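Everything below concerns the one structure shown next.
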Amino acid sequence: MARMQATVLALTGVLCMGLSSVSAAQTAPATNSGFAKGTKLVSLGVIAGGDDGGTGAAAQMEWGVASLGKATLSLGAFAGIQRKTSQVRALEVTASAVPVLAVANLHFPLGNQPRLDLYGGASFGFVRASAESTESSLGSVKESETRAAVGIQVGGRYKIASRLSLMGQVGLVDLPLIQAGVSIRL
């Protein structure tokens, strides 16, 4: 498991370094166009649900790296933190998860809706999960694990200003079920 984690971290680091050099060499598209090669976005928002449950916050970066017909391929990274607490009588359980994933999405333009960016894709990386159980008369127990993570996601952004969009995403497998927030074009 430790070897897999190190491999995922190394691949994510290489991907991010490669993306920064690719994106630096590209010019950004016009601000009135949809997602295209050269687009750079940062998304910030709230997350909820999924395999690890709870609520929290997340950040995601994407770079448009290639045009594939009418679609655009983006690569990037996602990181978040989720937490939930449950209590049954004297037992309290607090669980938290920190997903860190590389992201690949295909963005599909709608000719008659230039403000709308629809996308779908896959993610891979790891999730660091921990739990603490506390019972008032016995004390507490802490557990944690790091596991490989994969997921698929679909989402959309609606541009409300030249560099600002509202976004929503639904994820499956090791991703938070719902992500909602804003995206800022760099």
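Ordering of the structure tokens sets the chain letters (A, B, ...), residue numbers begin anew at 1 in every chain, and ligands are numbered from 1 in the order given.
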Test item: residues at most 10 Å from region 135-148 of chain A, only C-alpha atoms, excluding those fewer than 4 positions along its chain, as an NGL selection string: :A and (1-2 or 4-5 or 8 or 87-101 or 124-131 or 174)
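Closest approach to Gln82 (chain A) among A:Val173, A:Ala59, A:Ile47, A:Leu110: A:Ile47, based on only C-alpha atoms.
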message: Using Å and a single decimal, report how far CA of Ala71 (chain A) sits from CA of Gly120 (chain A).
response: 10.8 Å
task: Please identify all polymer residues within 10 Å of Ala66 (chain A), counting only C-alpha atoms, omitting same-chain residues fewer than 2 positions from it, and present them as a PyMOL selection string.
output: chain A and resi 36-38+63-64+68-69+71-75+106
Output C-alpha atoms of each residue in that selection to a file, as a PDB file, in the first residue's frame.
ATOM      1  CA  ALA A  36     -10.737  25.738 -24.628  1.00  0.00           C
ATOM      2  CA  LYS A  37      -7.099  24.780 -24.981  1.00  0.00           C
ATOM      3  CA  GLY A  38      -5.113  27.179 -22.781  1.00  0.00           C
ATOM      4  CA  TRP A  63      -5.762  23.410 -17.538  1.00  0.00           C
ATOM      5  CA  GLY A  64      -7.103  22.991 -21.066  1.00  0.00           C
ATOM      6  CA  LEU A  68     -10.211  16.835 -29.447  1.00  0.00           C
ATOM      7  CA  GLY A  69     -12.625  17.731 -32.215  1.00  0.00           C
ATOM      8  CA  ALA A  71     -14.279  18.887 -27.107  1.00  0.00           C
ATOM      9  CA  THR A  72     -11.348  20.074 -24.977  1.00  0.00           C
ATOM     10  CA  LEU A  73      -9.233  17.825 -22.726  1.00  0.00           C
ATOM     11  CA  SER A  74      -8.272  19.312 -19.371  1.00  0.00           C
ATOM     12  CA  LEU A  75      -5.876  17.976 -16.751  1.00  0.00           C
ATOM     13  CA  LEU A 106     -13.509  16.379 -21.421  1.00  0.00           C
TER      14      LEU A 106
END
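Across the model, the gap from CA of Pro109 (chain A) to CA of Gly50 (chain A) is 28.0 Å.
You will find CA of Gly49 (chain A) at 17.9 Å from CA of Ala122 (chain A).
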